[in-house]
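Written below as structure tokens is the structure these notes are about.
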Amino acid sequence: LCETYGLNECAEYWRQVIEMNDFQKRRFAEKVVSTMFNTVTGKKIAILGYAFKKDTGDVRETPSMFVVRDLLQEQARIHVYDPQVKREEMWSEMAYTCGVTHENTPKLDESVVTEDEVYKCCEGAHGICILTEWDEFKTLDYKRIYEGMAKPAFLFDGRLLVDHKALREIGFEVHAIGKPDPNKFPGV
């Protein structure tokens, strides 16, 4: 639209915004893989939140979908919990936006499992990714979750939603978007 009206600088600005958003989605999944010893192959990753934003079941262009796609390509075993998103809606948007379907992705139902209960989703997980800012994620019993996870237990907070200090005291290795890597910058 901007180019139609001769606003080339404006068009380039918005093109760069889209590129940066795409980069951030890829970066999150890459951070998960690199932090977990450069592989998530065969590891269970719990995805907490799939909707575009809290209090909705809207999955159109949800960043969670791209993280799931990228982790799926790395052969992770993904378990998704979202209080409002239905499995059918998730697959419909994955097919439409990412081109991931049952036809072109062998064992998709085994690789991506949806859970109705958050603690079951996290049970035995090697890592947790918080991708939607649902209020219920603030008050989960993270000690219980930690005890049921594989160790070391990783938590990736993509929404800056939870208390990182308290989670580290429990034993989690916590990483967050927009925060320094605690392994590279201790005490920050």
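Here, A, B, ... name the chains of the structure tokens in the order displayed, residue numbers run from 1 inside each chain, and ligands are numbered from 1 in the same displayed order.
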Practice prompt. Just list the residues in range 85-123 of chain A DSSP gives helix (DSSP H, G or I) on the backbone, as a PyMOL selection string.
Written response: chain A and resi 87-98+108-111+118-122
Using C-alpha atoms, can you export the residues from the last selection as a PDB file, in the first residue's frame?
```pdb
ATOM      1  CA  ARG A  87      -6.471 -28.977  18.531  1.00  0.00           C
ATOM      2  CA  GLU A  88      -8.393 -28.645  15.249  1.00  0.00           C
ATOM      3  CA  GLU A  89      -7.843 -24.861  15.211  1.00  0.00           C
ATOM      4  CA  MET A  90      -4.150 -25.358  15.898  1.00  0.00           C
ATOM      5  CA  TRP A  91      -3.758 -27.783  12.972  1.00  0.00           C
ATOM      6  CA  SER A  92      -5.834 -25.636  10.660  1.00  0.00           C
ATOM      7  CA  GLU A  93      -3.609 -22.602  11.208  1.00  0.00           C
ATOM      8  CA  MET A  94      -0.410 -24.689  11.110  1.00  0.00           C
ATOM      9  CA  ALA A  95      -1.461 -26.009   7.687  1.00  0.00           C
ATOM     10  CA  TYR A  96      -2.545 -22.612   6.365  1.00  0.00           C
ATOM     11  CA  THR A  97       0.364 -20.492   7.599  1.00  0.00           C
ATOM     12  CA  CYS A  98       3.281 -22.914   8.025  1.00  0.00           C
ATOM     13  CA  LEU A 108       2.765 -35.556  13.390  1.00  0.00           C
ATOM     14  CA  ASP A 109       0.233 -36.730  15.993  1.00  0.00           C
ATOM     15  CA  GLU A 110       3.019 -38.498  17.906  1.00  0.00           C
ATOM     16  CA  SER A 111       5.345 -35.500  17.649  1.00  0.00           C
ATOM     17  CA  VAL A 118      -1.050 -28.172  32.434  1.00  0.00           C
ATOM     18  CA  TYR A 119       0.738 -30.450  34.935  1.00  0.00           C
ATOM     19  CA  LYS A 120       0.358 -33.439  32.612  1.00  0.00           C
ATOM     20  CA  CYS A 121       1.787 -31.304  29.806  1.00  0.00           C
ATOM     21  CA  CYS A 122       4.902 -30.571  31.878  1.00  0.00           C
TER      22      CYS A 122
END
```
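Excluding range 172-180 of chain A and any residue on its chain fewer than 4 positions from it, the residues at most 8 Å away by only C-alpha atoms are A:Phe28, A:Tyr146, A:Pro152, A:Ala153, A:Phe154, A:Leu155, A:Phe156, A:Asp157, A:Gly158, A:Arg159, A:Leu160, A:His164, A:Leu167, A:Arg168, A:Lys184, A:Phe185, A:Val188.
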Write down as a compact mmCIF listing (two decimals) with all heavy atoms, in the first residue's frame the residues of range 68-177 of chain A whose backbone DSSP state falls under strand (DSSP E or B).
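Writing the result to out-v4.txt gives the following:
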```
# COMPACT_ATOMS: atom_id res chain seq x y z
N ARG A 77 9.81 -33.66 20.87
CA ARG A 77 8.48 -34.19 21.20
C ARG A 77 7.75 -33.06 21.90
O ARG A 77 8.11 -32.67 23.01
CB ARG A 77 8.59 -35.42 22.11
CG ARG A 77 9.26 -36.61 21.44
CD ARG A 77 9.31 -37.83 22.36
NE ARG A 77 9.96 -37.55 23.64
CZ ARG A 77 9.35 -37.60 24.84
NH1 ARG A 77 8.09 -37.94 24.95
NH2 ARG A 77 10.03 -37.33 25.95
N ILE A 78 6.75 -32.51 21.27
CA ILE A 78 6.10 -31.30 21.74
C ILE A 78 4.74 -31.63 22.37
O ILE A 78 3.94 -32.36 21.78
CB ILE A 78 5.92 -30.31 20.56
CG1 ILE A 78 7.29 -29.98 19.97
CG2 ILE A 78 5.17 -29.07 21.01
CD1 ILE A 78 7.24 -29.38 18.60
N HIS A 79 4.53 -31.07 23.56
CA HIS A 79 3.23 -31.19 24.23
C HIS A 79 2.74 -29.77 24.46
O HIS A 79 3.45 -28.94 25.02
CB HIS A 79 3.37 -31.93 25.57
CG HIS A 79 3.61 -33.39 25.38
ND1 HIS A 79 2.74 -34.35 25.86
CD2 HIS A 79 4.59 -34.08 24.75
CE1 HIS A 79 3.19 -35.55 25.54
NE2 HIS A 79 4.32 -35.40 24.86
N VAL A 80 1.51 -29.50 23.99
CA VAL A 80 0.95 -28.15 24.02
C VAL A 80 -0.22 -28.11 24.99
O VAL A 80 -1.13 -28.95 24.92
CB VAL A 80 0.47 -27.72 22.61
CG1 VAL A 80 -0.14 -26.33 22.65
CG2 VAL A 80 1.60 -27.81 21.60
N TYR A 81 -0.20 -27.08 25.85
CA TYR A 81 -1.36 -26.81 26.71
C TYR A 81 -1.78 -25.37 26.49
O TYR A 81 -0.97 -24.44 26.58
CB TYR A 81 -1.03 -27.01 28.20
CG TYR A 81 -2.13 -26.46 29.08
CD1 TYR A 81 -3.31 -27.18 29.26
CD2 TYR A 81 -2.01 -25.21 29.67
CE1 TYR A 81 -4.34 -26.66 30.04
CE2 TYR A 81 -3.05 -24.69 30.44
CZ TYR A 81 -4.21 -25.42 30.62
OH TYR A 81 -5.23 -24.90 31.37
N VAL A 112 3.48 -34.00 18.10
CA VAL A 112 2.82 -32.84 18.72
C VAL A 112 1.55 -33.32 19.39
O VAL A 112 0.58 -33.69 18.72
CB VAL A 112 2.50 -31.72 17.70
CG1 VAL A 112 1.86 -30.53 18.40
CG2 VAL A 112 3.75 -31.29 16.95
N VAL A 113 1.56 -33.32 20.71
CA VAL A 113 0.45 -33.80 21.52
C VAL A 113 -0.19 -32.59 22.20
O VAL A 113 0.53 -31.71 22.70
CB VAL A 113 0.96 -34.80 22.59
CG1 VAL A 113 -0.16 -35.23 23.52
CG2 VAL A 113 1.61 -36.00 21.91
N THR A 114 -1.50 -32.53 22.22
CA THR A 114 -2.17 -31.49 22.99
C THR A 114 -2.66 -32.09 24.29
O THR A 114 -3.10 -33.23 24.33
CB THR A 114 -3.35 -30.87 22.20
OG1 THR A 114 -4.18 -31.90 21.70
CG2 THR A 114 -2.84 -30.02 21.04
N GLU A 115 -2.55 -31.30 25.35
CA GLU A 115 -2.94 -31.75 26.69
C GLU A 115 -4.06 -30.86 27.22
O GLU A 115 -4.09 -29.66 26.95
CB GLU A 115 -1.74 -31.67 27.65
CG GLU A 115 -0.54 -32.51 27.24
CD GLU A 115 -0.71 -33.99 27.51
OE1 GLU A 115 -1.80 -34.42 27.95
OE2 GLU A 115 0.25 -34.73 27.26
N GLY A 127 12.11 -29.28 28.90
CA GLY A 127 12.02 -27.83 28.88
C GLY A 127 10.57 -27.38 28.77
O GLY A 127 9.71 -28.11 28.28
N ILE A 128 10.33 -26.16 29.26
CA ILE A 128 9.02 -25.53 29.19
C ILE A 128 9.18 -24.20 28.47
O ILE A 128 10.12 -23.45 28.76
CB ILE A 128 8.45 -25.27 30.61
CG1 ILE A 128 8.21 -26.58 31.34
CG2 ILE A 128 7.17 -24.43 30.54
CD1 ILE A 128 7.84 -26.39 32.81
N CYS A 129 8.28 -23.92 27.55
CA CYS A 129 8.25 -22.63 26.86
C CYS A 129 6.92 -21.94 27.17
O CYS A 129 5.86 -22.47 26.84
CB CYS A 129 8.36 -22.81 25.35
SG CYS A 129 9.87 -23.59 24.78
N ILE A 130 6.98 -20.80 27.83
CA ILE A 130 5.77 -20.01 28.09
C ILE A 130 5.62 -19.05 26.91
O ILE A 130 6.44 -18.15 26.73
CB ILE A 130 5.86 -19.25 29.42
CG1 ILE A 130 6.02 -20.23 30.58
CG2 ILE A 130 4.63 -18.36 29.61
CD1 ILE A 130 6.24 -19.57 31.93
N PHE A 154 14.74 -26.88 32.12
CA PHE A 154 14.84 -25.58 31.47
C PHE A 154 13.46 -24.93 31.39
O PHE A 154 12.46 -25.60 31.13
CB PHE A 154 15.39 -25.74 30.05
CG PHE A 154 16.78 -26.27 30.00
CD1 PHE A 154 17.01 -27.63 29.88
CD2 PHE A 154 17.88 -25.42 30.07
CE1 PHE A 154 18.30 -28.14 29.82
CE2 PHE A 154 19.17 -25.91 30.01
CZ PHE A 154 19.38 -27.27 29.88
N LEU A 155 13.42 -23.61 31.58
CA LEU A 155 12.19 -22.85 31.40
C LEU A 155 12.53 -21.63 30.55
O LEU A 155 13.45 -20.88 30.89
CB LEU A 155 11.58 -22.43 32.72
CG LEU A 155 10.20 -21.79 32.59
CD1 LEU A 155 9.27 -22.28 33.69
CD2 LEU A 155 10.25 -20.29 32.57
N PHE A 156 11.80 -21.47 29.45
CA PHE A 156 12.00 -20.36 28.54
C PHE A 156 10.76 -19.48 28.60
O PHE A 156 9.68 -19.90 28.19
CB PHE A 156 12.24 -20.87 27.11
CG PHE A 156 13.43 -21.78 27.02
CD1 PHE A 156 13.29 -23.15 27.20
CD2 PHE A 156 14.68 -21.26 26.78
CE1 PHE A 156 14.38 -23.99 27.13
CE2 PHE A 156 15.79 -22.10 26.71
CZ PHE A 156 15.64 -23.47 26.89
N ASP A 157 10.91 -18.29 29.15
CA ASP A 157 9.78 -17.38 29.34
C ASP A 157 9.73 -16.39 28.18
O ASP A 157 10.47 -15.40 28.16
CB ASP A 157 9.94 -16.65 30.68
CG ASP A 157 8.75 -15.79 31.04
OD1 ASP A 157 7.81 -15.68 30.22
OD2 ASP A 157 8.75 -15.22 32.15
N GLU A 173 16.66 -23.79 35.20
CA GLU A 173 17.54 -22.92 34.43
C GLU A 173 16.60 -22.07 33.58
O GLU A 173 15.93 -22.58 32.68
CB GLU A 173 18.50 -23.72 33.56
CG GLU A 173 19.47 -22.81 32.85
CD GLU A 173 20.58 -23.54 32.11
OE1 GLU A 173 21.10 -24.54 32.64
OE2 GLU A 173 20.90 -23.08 30.99
N VAL A 174 16.51 -20.79 33.90
CA VAL A 174 15.52 -19.90 33.30
C VAL A 174 16.18 -19.00 32.25
O VAL A 174 17.22 -18.41 32.50
CB VAL A 174 14.83 -19.02 34.37
CG1 VAL A 174 13.79 -18.10 33.74
CG2 VAL A 174 14.21 -19.88 35.46
N HIS A 175 15.51 -18.90 31.11
CA HIS A 175 15.94 -18.00 30.05
C HIS A 175 14.71 -17.22 29.59
O HIS A 175 13.60 -17.76 29.57
CB HIS A 175 16.53 -18.79 28.87
CG HIS A 175 17.75 -19.55 29.26
ND1 HIS A 175 19.01 -19.03 29.15
CD2 HIS A 175 17.89 -20.79 29.81
CE1 HIS A 175 19.88 -19.92 29.60
NE2 HIS A 175 19.23 -20.99 30.00
N ALA A 176 14.92 -15.95 29.22
CA ALA A 176 13.78 -15.12 28.84
C ALA A 176 14.14 -14.20 27.69
O ALA A 176 15.29 -13.75 27.57
CB ALA A 176 13.31 -14.30 30.04
```
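When only C-alpha atoms are used to compute distances to Asp22 in chain A, the closest of the residues A:Asp58, A:Glu3, A:Asp70, A:Glu169 turns out to be A:Asp70.
What separates CA of Ile18 in chain A from CA of Thr101 in chain A is a distance of 24.5 Å.
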Fill in: 12 Å contact set for Leu71 in chain A, only C-alpha atoms, chain neighbours under 4 positions out, as a PyMOL selection string
chain A and resi 25-34+36+38-47+64-67+75-79+111-112+127+129
Worksheet item: Residues at most 7 Å from Gly57 in chain A, counting only C-alpha atoms, excluding those fewer than 3 positions away in the same chain, as a VMD selection string?
Response: chain A and resid 51 84 to 85
Selection to disk with N, CA, C and O atoms, as a PDB file, in the first residue's frame:
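The result, stored in out.pdb:
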```
ATOM      1  N   ALA A  51      -2.365 -19.639  21.983  1.00  0.00           N
ATOM      2  CA  ALA A  51      -3.155 -18.530  21.439  1.00  0.00           C
ATOM      3  C   ALA A  51      -2.285 -17.304  21.203  1.00  0.00           C
ATOM      4  O   ALA A  51      -1.238 -17.124  21.827  1.00  0.00           O
ATOM      5  N   GLN A  84      -7.776 -22.436  25.964  1.00  0.00           N
ATOM      6  CA  GLN A  84      -8.884 -22.152  25.051  1.00  0.00           C
ATOM      7  C   GLN A  84      -8.700 -22.656  23.625  1.00  0.00           C
ATOM      8  O   GLN A  84      -9.675 -22.779  22.897  1.00  0.00           O
ATOM      9  N   VAL A  85      -7.490 -22.936  23.209  1.00  0.00           N
ATOM     10  CA  VAL A  85      -7.254 -23.343  21.821  1.00  0.00           C
ATOM     11  C   VAL A  85      -7.595 -24.816  21.634  1.00  0.00           C
ATOM     12  O   VAL A  85      -7.151 -25.673  22.393  1.00  0.00           O
TER      13      VAL A  85
END
```
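Distances from A:Ala125, A:Val100, A:Leu1, A:Leu48 to Lys151 in chain A were compared using only C-alpha atoms, and the smallest one belongs to A:Ala125.
For the pair CA of Leu131 in chain A and CA of Tyr50 in chain A, the separation is 6.5 Å.
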